[in-house]
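File shown: upload_39.csv. Contents: CSV, C-alpha atoms.
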```
chain,number,residue,atom,x,y,z
A,1,MET,CA,29.7,-36.8,134.0
A,2,THR,CA,29.8,-33.1,132.9
A,3,GLY,CA,28.3,-31.4,130.0
A,4,ALA,CA,25.9,-32.7,127.3
A,5,VAL,CA,27.1,-35.7,125.4
A,6,ASP,CA,28.0,-34.9,121.8
A,7,TRP,CA,25.8,-37.3,119.8
A,8,GLY,CA,27.3,-36.0,116.6
A,9,TRP,CA,30.7,-37.4,117.6
A,10,TRP,CA,30.0,-40.8,119.1
A,11,GLY,CA,26.4,-41.3,118.1
A,12,TRP,CA,27.6,-42.7,114.8
A,13,GLY,CA,30.0,-45.0,116.6
A,14,VAL,CA,27.2,-46.5,118.8
A,15,ALA,CA,25.0,-46.9,115.7
A,16,ALA,CA,27.9,-48.6,113.8
A,17,ALA,CA,28.5,-50.9,116.8
A,18,LEU,CA,24.8,-52.0,117.0
A,19,LEU,CA,24.9,-52.5,113.2
A,20,ALA,CA,28.0,-54.6,113.5
A,21,ASN,CA,26.3,-56.7,116.2
A,22,ALA,CA,23.4,-57.4,113.9
A,23,LEU,CA,25.6,-58.3,111.0
A,24,TYR,CA,27.9,-60.5,113.1
A,25,SER,CA,24.9,-62.3,114.7
A,26,ALA,CA,23.2,-62.9,111.3
A,27,GLY,CA,26.5,-64.1,109.8
A,28,PHE,CA,27.2,-66.6,112.6
A,29,VAL,CA,23.7,-68.0,112.4
A,30,LEU,CA,23.8,-68.3,108.6
A,31,GLN,CA,27.2,-70.0,108.8
A,32,LYS,CA,26.0,-72.4,111.6
A,33,ARG,CA,23.0,-73.4,109.6
A,34,ALA,CA,25.2,-74.1,106.5
A,35,LEU,CA,27.7,-76.0,108.5
A,36,GLY,CA,25.0,-78.5,109.6
A,37,ARG,CA,24.7,-79.6,105.9
A,38,LEU,CA,28.5,-80.0,105.3
A,39,PRO,CA,30.8,-82.9,106.0
A,40,ALA,CA,32.8,-82.9,109.2
A,41,LEU,CA,35.5,-80.3,109.2
A,42,SER,CA,38.9,-80.6,110.8
A,43,ALA,CA,41.3,-77.8,111.9
A,44,GLY,CA,44.1,-80.3,111.1
A,45,ARG,CA,43.2,-80.2,107.4
A,46,PRO,CA,42.9,-76.4,106.7
A,47,LEU,CA,43.0,-76.6,102.9
A,48,ARG,CA,40.2,-79.2,102.7
A,49,THR,CA,38.2,-77.2,105.2
A,50,VAL,CA,38.5,-74.0,103.2
A,51,LEU,CA,37.6,-75.8,99.9
A,52,THR,CA,34.5,-77.3,101.6
A,53,LEU,CA,33.4,-74.0,103.0
A,54,SER,CA,33.9,-72.0,99.8
A,55,ALA,CA,31.7,-74.5,97.9
A,56,SER,CA,28.7,-73.7,100.1
A,57,PRO,CA,26.6,-70.6,98.9
A,58,ALA,CA,24.8,-70.5,102.2
A,59,TRP,CA,28.1,-70.3,104.1
A,60,LEU,CA,29.4,-67.6,101.8
A,61,ALA,CA,26.2,-65.5,102.5
A,62,GLY,CA,27.1,-65.7,106.2
A,63,SER,CA,30.6,-64.7,105.4
A,64,LEU,CA,29.4,-61.6,103.5
A,65,ALA,CA,27.4,-60.5,106.5
A,66,LEU,CA,30.5,-60.9,108.7
A,67,ALA,CA,32.6,-58.9,106.2
A,68,ALA,CA,30.0,-56.1,106.4
A,69,GLY,CA,30.2,-56.2,110.2
A,70,PHE,CA,34.0,-55.8,109.9
A,71,ALA,CA,33.5,-52.7,107.8
A,72,ALA,CA,31.2,-51.3,110.5
A,73,GLN,CA,33.7,-52.1,113.2
A,74,LEU,CA,36.3,-49.8,111.5
A,75,LEU,CA,34.0,-46.9,112.0
A,76,VAL,CA,33.4,-47.9,115.6
A,77,TYR,CA,37.0,-47.8,116.5
A,78,ARG,CA,37.5,-44.4,114.9
A,79,SER,CA,34.6,-43.0,117.0
A,80,LEU,CA,34.6,-44.8,120.4
A,81,PRO,CA,37.1,-45.7,123.1
A,82,ILE,CA,38.1,-49.4,122.9
A,83,ALA,CA,36.6,-50.4,126.3
A,84,ALA,CA,33.3,-48.7,125.5
A,85,ALA,CA,33.1,-50.4,122.1
A,86,GLN,CA,33.7,-53.8,123.6
A,87,GLY,CA,30.8,-53.3,126.1
A,88,ILE,CA,28.5,-52.5,123.2
A,89,PHE,CA,29.7,-55.5,121.2
A,90,VAL,CA,28.9,-57.9,124.1
A,91,SER,CA,25.3,-56.8,123.8
A,92,GLY,CA,25.1,-58.6,120.5
A,93,LEU,CA,24.8,-61.8,122.5
A,94,VAL,CA,21.2,-61.0,123.1
A,95,LEU,CA,20.4,-60.8,119.4
A,96,LEU,CA,22.5,-63.9,118.7
A,97,THR,CA,20.4,-65.9,121.2
A,98,LEU,CA,17.2,-64.8,119.7
A,99,LEU,CA,18.3,-65.6,116.1
A,100,SER,CA,19.7,-68.9,117.1
A,101,SER,CA,16.5,-69.9,118.8
A,102,ALA,CA,14.3,-68.8,115.9
A,103,VAL,CA,16.5,-70.0,113.0
A,104,LEU,CA,18.5,-72.9,114.4
A,105,GLY,CA,16.2,-74.2,117.1
A,106,GLU,CA,18.9,-73.9,119.8
A,107,ARG,CA,17.3,-73.4,123.2
A,108,PRO,CA,19.5,-71.5,125.6
A,109,SER,CA,20.1,-73.0,129.1
A,110,GLY,CA,18.7,-71.4,132.2
A,111,ARG,CA,22.1,-69.8,133.0
A,112,GLU,CA,22.3,-68.4,129.5
A,113,ARG,CA,18.9,-66.9,129.7
A,114,HIS,CA,19.7,-65.3,133.1
A,115,ALA,CA,22.8,-63.8,131.7
A,116,LEU,CA,20.9,-61.8,129.0
A,117,PRO,CA,19.5,-59.1,131.4
A,118,ALA,CA,23.0,-58.5,132.7
A,119,VAL,CA,24.3,-58.0,129.2
A,120,LEU,CA,21.6,-55.4,128.4
A,121,LEU,CA,22.4,-53.6,131.7
A,122,ALA,CA,26.1,-53.7,130.9
A,123,LEU,CA,25.3,-52.1,127.5
A,124,LEU,CA,23.5,-49.2,129.1
A,125,MET,CA,26.2,-48.6,131.7
A,126,VAL,CA,29.0,-48.5,129.1
A,127,ILE,CA,27.0,-46.1,126.8
A,128,ALA,CA,26.3,-43.9,129.8
A,129,SER,CA,30.1,-43.8,130.6
A,130,LEU,CA,31.1,-42.5,127.2
A,131,PRO,CA,33.0,-39.2,127.3
A,132,ASP,CA,31.8,-35.9,125.9
A,133,GLY,CA,32.9,-35.0,122.4
A,134,GLY,CA,34.6,-38.3,121.6
A,135,ALA,CA,37.4,-37.7,124.0
A,136,GLY,CA,39.6,-40.6,125.0
A,137,VAL,CA,39.8,-42.3,121.6
A,138,GLY,CA,43.4,-43.6,121.0
A,139,ARG,CA,44.8,-43.2,117.5
A,140,SER,CA,48.1,-45.1,117.6
A,141,ALA,CA,50.1,-47.6,119.6
A,142,PRO,CA,53.8,-48.6,119.7
A,143,TRP,CA,54.2,-51.5,117.3
A,144,ARG,CA,56.5,-53.3,119.7
A,145,THR,CA,53.8,-53.2,122.4
A,146,VAL,CA,51.2,-54.5,120.0
A,147,LEU,CA,53.4,-57.4,118.9
A,148,LEU,CA,54.5,-58.1,122.5
A,149,VAL,CA,50.8,-58.6,123.3
A,150,SER,CA,49.7,-60.3,120.1
A,151,LEU,CA,52.4,-63.0,119.5
A,152,PRO,CA,52.2,-64.8,122.8
A,153,THR,CA,48.4,-64.6,122.7
A,154,LEU,CA,48.3,-66.2,119.2
A,155,ALA,CA,50.6,-69.0,120.5
A,156,ALA,CA,48.4,-69.5,123.6
A,157,ALA,CA,45.2,-69.7,121.4
A,158,GLY,CA,46.8,-72.3,119.1
A,159,TRP,CA,48.0,-74.4,122.0
A,160,LEU,CA,44.6,-74.3,123.8
A,161,TYR,CA,42.6,-75.1,120.7
A,162,ALA,CA,44.9,-78.1,119.9
A,163,ALA,CA,44.7,-79.3,123.5
A,164,VAL,CA,40.9,-79.2,123.5
A,165,ASP,CA,40.7,-80.9,120.1
A,166,ARG,CA,42.9,-83.7,121.3
A,167,ARG,CA,40.8,-84.3,124.4
A,168,ALA,CA,37.6,-84.2,122.3
A,169,ARG,CA,38.8,-87.0,120.1
A,170,ARG,CA,39.6,-89.4,123.0
A,171,PRO,CA,37.2,-92.3,123.3
A,172,HIS,CA,34.8,-92.6,126.2
A,173,ARG,CA,35.0,-88.9,127.1
A,174,MET,CA,32.1,-86.7,127.9
A,175,PRO,CA,31.3,-84.6,124.8
A,176,THR,CA,33.0,-81.2,125.0
A,177,SER,CA,30.8,-78.2,125.8
A,178,GLY,CA,32.8,-76.0,123.6
A,179,ILE,CA,34.1,-73.6,126.3
A,180,GLY,CA,37.7,-74.3,125.5
A,181,TYR,CA,37.1,-73.8,121.8
A,182,GLY,CA,35.4,-70.5,122.5
A,183,VAL,CA,38.2,-69.2,124.7
A,184,ALA,CA,40.8,-70.1,122.1
A,185,VAL,CA,38.9,-68.5,119.2
A,186,GLY,CA,38.2,-65.5,121.5
A,187,LEU,CA,41.9,-64.9,122.1
A,188,LEU,CA,42.5,-65.1,118.4
A,189,TYR,CA,39.7,-62.6,117.7
A,190,GLY,CA,41.0,-60.3,120.5
A,191,VAL,CA,44.3,-60.0,118.5
A,192,SER,CA,42.2,-59.4,115.4
A,193,SER,CA,40.4,-56.5,117.2
A,194,LEU,CA,43.7,-54.9,118.0
A,195,ALA,CA,44.6,-55.1,114.3
A,196,VAL,CA,41.3,-53.6,113.3
A,197,LYS,CA,41.8,-50.8,115.8
A,198,GLY,CA,45.2,-50.1,114.2
A,199,LEU,CA,43.7,-50.2,110.7
A,200,SER,CA,41.1,-47.7,111.7
A,201,ALA,CA,43.7,-45.1,112.6
A,202,ALA,CA,45.4,-45.0,109.2
A,203,PRO,CA,45.5,-41.6,107.5
A,204,TYR,CA,42.6,-42.2,105.1
A,205,ALA,CA,41.9,-38.5,104.8
A,206,ASP,CA,45.3,-38.1,103.1
A,207,GLY,CA,44.2,-40.4,100.2
A,208,PRO,CA,44.4,-44.1,99.5
A,209,ALA,CA,48.1,-44.0,98.6
A,210,ALA,CA,49.2,-42.5,101.9
A,211,ALA,CA,46.9,-44.8,103.8
A,212,ALA,CA,48.3,-47.9,102.0
A,213,ARG,CA,51.9,-46.8,102.7
A,214,ALA,CA,51.2,-46.3,106.3
A,215,LEU,CA,49.5,-49.7,106.7
A,216,ALA,CA,52.2,-51.6,104.7
A,217,GLY,CA,54.8,-50.4,107.2
A,218,SER,CA,52.7,-51.4,110.2
A,219,PRO,CA,52.0,-54.9,111.7
A,220,TYR,CA,48.2,-54.5,111.5
A,221,PRO,CA,47.5,-55.9,108.0
A,222,TYR,CA,49.7,-58.9,108.7
A,223,LEU,CA,48.1,-59.6,112.1
A,224,LEU,CA,44.7,-59.3,110.5
A,225,LEU,CA,45.5,-61.8,107.7
A,226,CYS,CA,47.0,-64.2,110.2
A,227,THR,CA,44.0,-64.1,112.5
A,228,ALA,CA,41.6,-64.2,109.6
A,229,ALA,CA,43.2,-67.4,108.2
A,230,ALA,CA,43.5,-69.2,111.5
A,231,GLY,CA,40.1,-68.0,112.7
A,232,LEU,CA,38.4,-69.2,109.5
A,233,VAL,CA,39.4,-72.8,110.1
A,234,MET,CA,39.3,-72.8,114.0
A,235,SER,CA,36.0,-71.0,114.4
A,236,GLN,CA,34.1,-72.9,111.7
A,237,THR,CA,35.3,-76.3,113.0
A,238,ALA,CA,34.2,-75.3,116.5
A,239,LEU,CA,30.9,-73.9,115.3
A,240,GLN,CA,30.1,-77.1,113.5
A,241,ARG,CA,30.7,-79.2,116.6
A,242,CYS,CA,29.1,-77.1,119.3
A,243,ARG,CA,26.1,-74.8,119.8
A,244,ALA,CA,26.3,-71.3,118.4
A,245,THR,CA,24.7,-70.0,121.5
A,246,LEU,CA,27.6,-71.3,123.5
A,247,ILE,CA,30.6,-70.9,121.2
A,248,VAL,CA,29.9,-67.3,120.1
A,249,PRO,CA,29.1,-65.8,123.5
A,250,VAL,CA,32.3,-67.3,125.0
A,251,CYS,CA,34.3,-66.2,122.0
A,252,THR,CA,32.8,-62.7,122.1
A,253,THR,CA,33.2,-62.2,125.8
A,254,VAL,CA,36.9,-63.3,125.8
A,255,ALA,CA,37.7,-61.2,122.8
A,256,CYS,CA,35.9,-58.1,124.3
A,257,VAL,CA,37.6,-58.4,127.7
A,258,PHE,CA,41.0,-59.0,126.1
A,259,THR,CA,40.6,-56.0,123.7
A,260,ALA,CA,39.2,-53.7,126.4
A,261,VAL,CA,42.0,-54.3,128.8
A,262,LEU,CA,45.1,-54.8,126.7
A,263,GLY,CA,43.9,-52.7,123.8
A,264,SER,CA,43.2,-49.7,126.0
A,265,LEU,CA,46.6,-50.0,127.5
A,266,ALA,CA,48.4,-50.4,124.1
A,267,PHE,CA,46.6,-47.5,122.5
A,268,GLY,CA,46.9,-45.2,125.6
A,269,GLU,CA,43.2,-45.0,126.3
A,270,SER,CA,42.5,-44.2,130.0
A,271,LEU,CA,39.4,-44.8,132.0
A,272,PRO,CA,37.0,-41.9,132.7
A,273,ASP,CA,38.2,-39.4,135.4
A,274,ALA,CA,34.8,-38.5,136.8
A,275,PRO,CA,33.6,-40.9,139.5
A,276,VAL,CA,30.2,-41.7,138.0
A,277,PRO,CA,31.4,-42.6,134.5
A,278,LEU,CA,34.2,-44.5,136.0
A,279,ALA,CA,31.9,-46.5,138.2
A,280,LEU,CA,29.6,-47.2,135.2
A,281,ARG,CA,32.4,-48.3,133.0
A,282,LEU,CA,33.8,-50.7,135.6
A,283,ALA,CA,30.4,-52.1,136.5
A,284,GLY,CA,29.5,-52.6,132.9
A,285,THR,CA,32.7,-54.4,132.2
A,286,ALA,CA,32.2,-56.6,135.3
A,287,LEU,CA,28.7,-57.5,134.1
A,288,ALA,CA,30.1,-58.4,130.7
A,289,ILE,CA,32.6,-60.8,132.3
A,290,SER,CA,29.8,-62.4,134.3
A,291,VAL,CA,28.3,-63.6,131.0
A,292,LEU,CA,31.2,-65.9,130.6
A,293,LEU,CA,31.2,-67.0,134.2
A,294,ALA,CA,27.5,-67.8,134.2
A,295,LEU,CA,27.7,-70.3,131.3
A,296,PRO,CA,27.7,-74.0,132.0
A,297,ARG,CA,30.9,-75.8,131.5
A,298,HIS,CA,32.6,-79.1,132.0
```

Structure encoded using structure tokens:
Amino acid sequence: MTGAVDWGWWGWGVAAALLANALYSAGFVLQKRALGRLPALSAGRPLRTVLTLSASPAWLAGSLALAAGFAAQLLVYRSLPIAAAQGIFVSGLVLLTLLSSAVLGERPSGRERHALPAVLLALLMVIASLPDGGAGVGRSAPWRTVLLVSLPTLAAAGWLYAAVDRRARRPHRMPTSGIGYGVAVGLLYGVSSLAVKGLSAAPYADGPAAAARALAGSPYPYLLLCTAAAGLVMSQTALQRCRATLIVPVCTTVACVFTAVLGSLAFGESLPDAPVPLALRLAGTALAISVLLALPRH
């Protein structure tokens, strides 16, 4: 890695990513606590699910925190390469575990506790691999490429979620751990991250009208609306049935790996050229993936 890192360029991006982590973790915990007081939700009854959720002030407070995290995420994608941003987002699992233990009384398993130091180390590695002066941040992607990646992924997420839901309702089966739910929702949120990345590249400096015209002619707002609507029902149903300390880490890890790999390719972001930053980026990504592999599952 050569030269001094320009904190003025990507320092704000790192700060925004850490803020997004805090807001997302707080939002998920608030929603999980509210869901424990609501009647059973069903992804097969989306309208009833939305009406039940919207009638809960506590759940709405968690949603506001998530919305603020989304706003911070826009700044992240304007400042940092996609792969680096995902490495930082995975670090939010540590804060989520602490909040879930303190607020929800969810005690992480031994494997989950052992995964936390790896997540922190991965965070440090990814930050150390960031390029000088904000280089390597992609600004646009071919729409056909984005749709070619997104549409099959959305179909796969819906199929997997439905399959897990059917198995969970069968009598005399071992209760689901939530891994399948987390993977399905993670794929959904991976597509959502691609949409957020596309939204972040709109020409906001040219004024609201120019930005609105550019976004209306792109697939990103429509992908975001689709994933937001489906994610609202699927994630809340899964979160009500399973531990937040399992659902959210699996979902986050899958979404981050999906976005880091396919998002970097779609937006033309290459890995660092220098050997040391490249090794740090790859090792940090490998450690992030190990979080998912270390979780118990059946």

_Shortest interatomic distance to Pro221 of chain A - which of A:Leu246, A:Leu194, A:Ala17, A:Ser235, counting only C-alpha atoms_ = A:Leu194

_One-decimal distance in Å that lies between atom CA of Ala211 of chain A and atom CA of Gly186 of chain A_ = 28.6 Å

*What lies within 7 Å of segment 35-52 of chain A using all atoms listed in the file, ignoring chain neighbours under 5 positions off, as a list in words?*
Val233, Met234, Thr237 and Gln240 of chain A

Expected file contents, prior selection, C-alpha atoms, as an mmCIF file, in the frame of the given file:
```cif
data_model
loop_
_atom_site.group_PDB
_atom_site.id
_atom_site.type_symbol
_atom_site.label_atom_id
_atom_site.label_comp_id
_atom_site.auth_asym_id
_atom_site.auth_seq_id
_atom_site.Cartn_x
_atom_site.Cartn_y
_atom_site.Cartn_z
ATOM 1 C CA VAL A 233 39.400 -72.800 110.100
ATOM 2 C CA MET A 234 39.300 -72.800 114.000
ATOM 3 C CA THR A 237 35.300 -76.300 113.000
ATOM 4 C CA GLN A 240 30.100 -77.100 113.500
#
```

*Can you pull out every residue within 6 Å of segment 277-284 of chain A, counting all atoms listed in the file, but drop anything in the same chain fewer than 6 positions away, and send it as a VMD selection string?*
chain A and resid 122 125 to 126 129

*Would you mind telling me which residue in A:Ala214, A:Ala15, A:Leu154, A:Ala163 lies nearest to Leu75 of chain A when using all atoms listed in the file?*
A:Ala15

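Closest approach to Ala141 of chain A from the set A:Ala202, A:Ala209, A:Val276, A:Ala58 is made by A:Ala202, with distances taken over all atoms listed in the file.
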
*Can you tell me, as a list in words, what residues are no more than 8 Å from Gly27 of chain A when counting all atoms listed in the file, ignoring any on the same chain fewer than 3 positions away?*
Leu23, Tyr24, Leu30, Gln31, Ala61, Gly62, Ser63, Leu64, Ala65 and Leu66 of chain A

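When only C-alpha atoms are used to compute distances to Val257 of chain A, the closest of the residues A:Ala83, A:Ala55, A:Ala201, A:Leu98 turns out to be A:Ala83.
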
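Ranking A:Gly105, A:Pro117, A:Gly231, A:Pro219 by their shortest atom-to-atom distance to Val29 of chain A, with only C-alpha atoms included, puts A:Gly105 first.
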
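Note that the spacing between atom CA of Gly180 of chain A and atom CA of Tyr222 of chain A amounts to 25.8 Å.
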
*For the atom pair atom CA of Ala238 of chain A and atom CA of Ala67 of chain A, what is the interatomic distance in Å to one decimal place?*
19.4 Å

*From the set A:Leu187, A:Ala71, A:Ala210, A:Val76, which residue has the shortest atom-to-atom contact distance to Val149 of chain A, counting all atoms listed in the file?*
A:Leu187
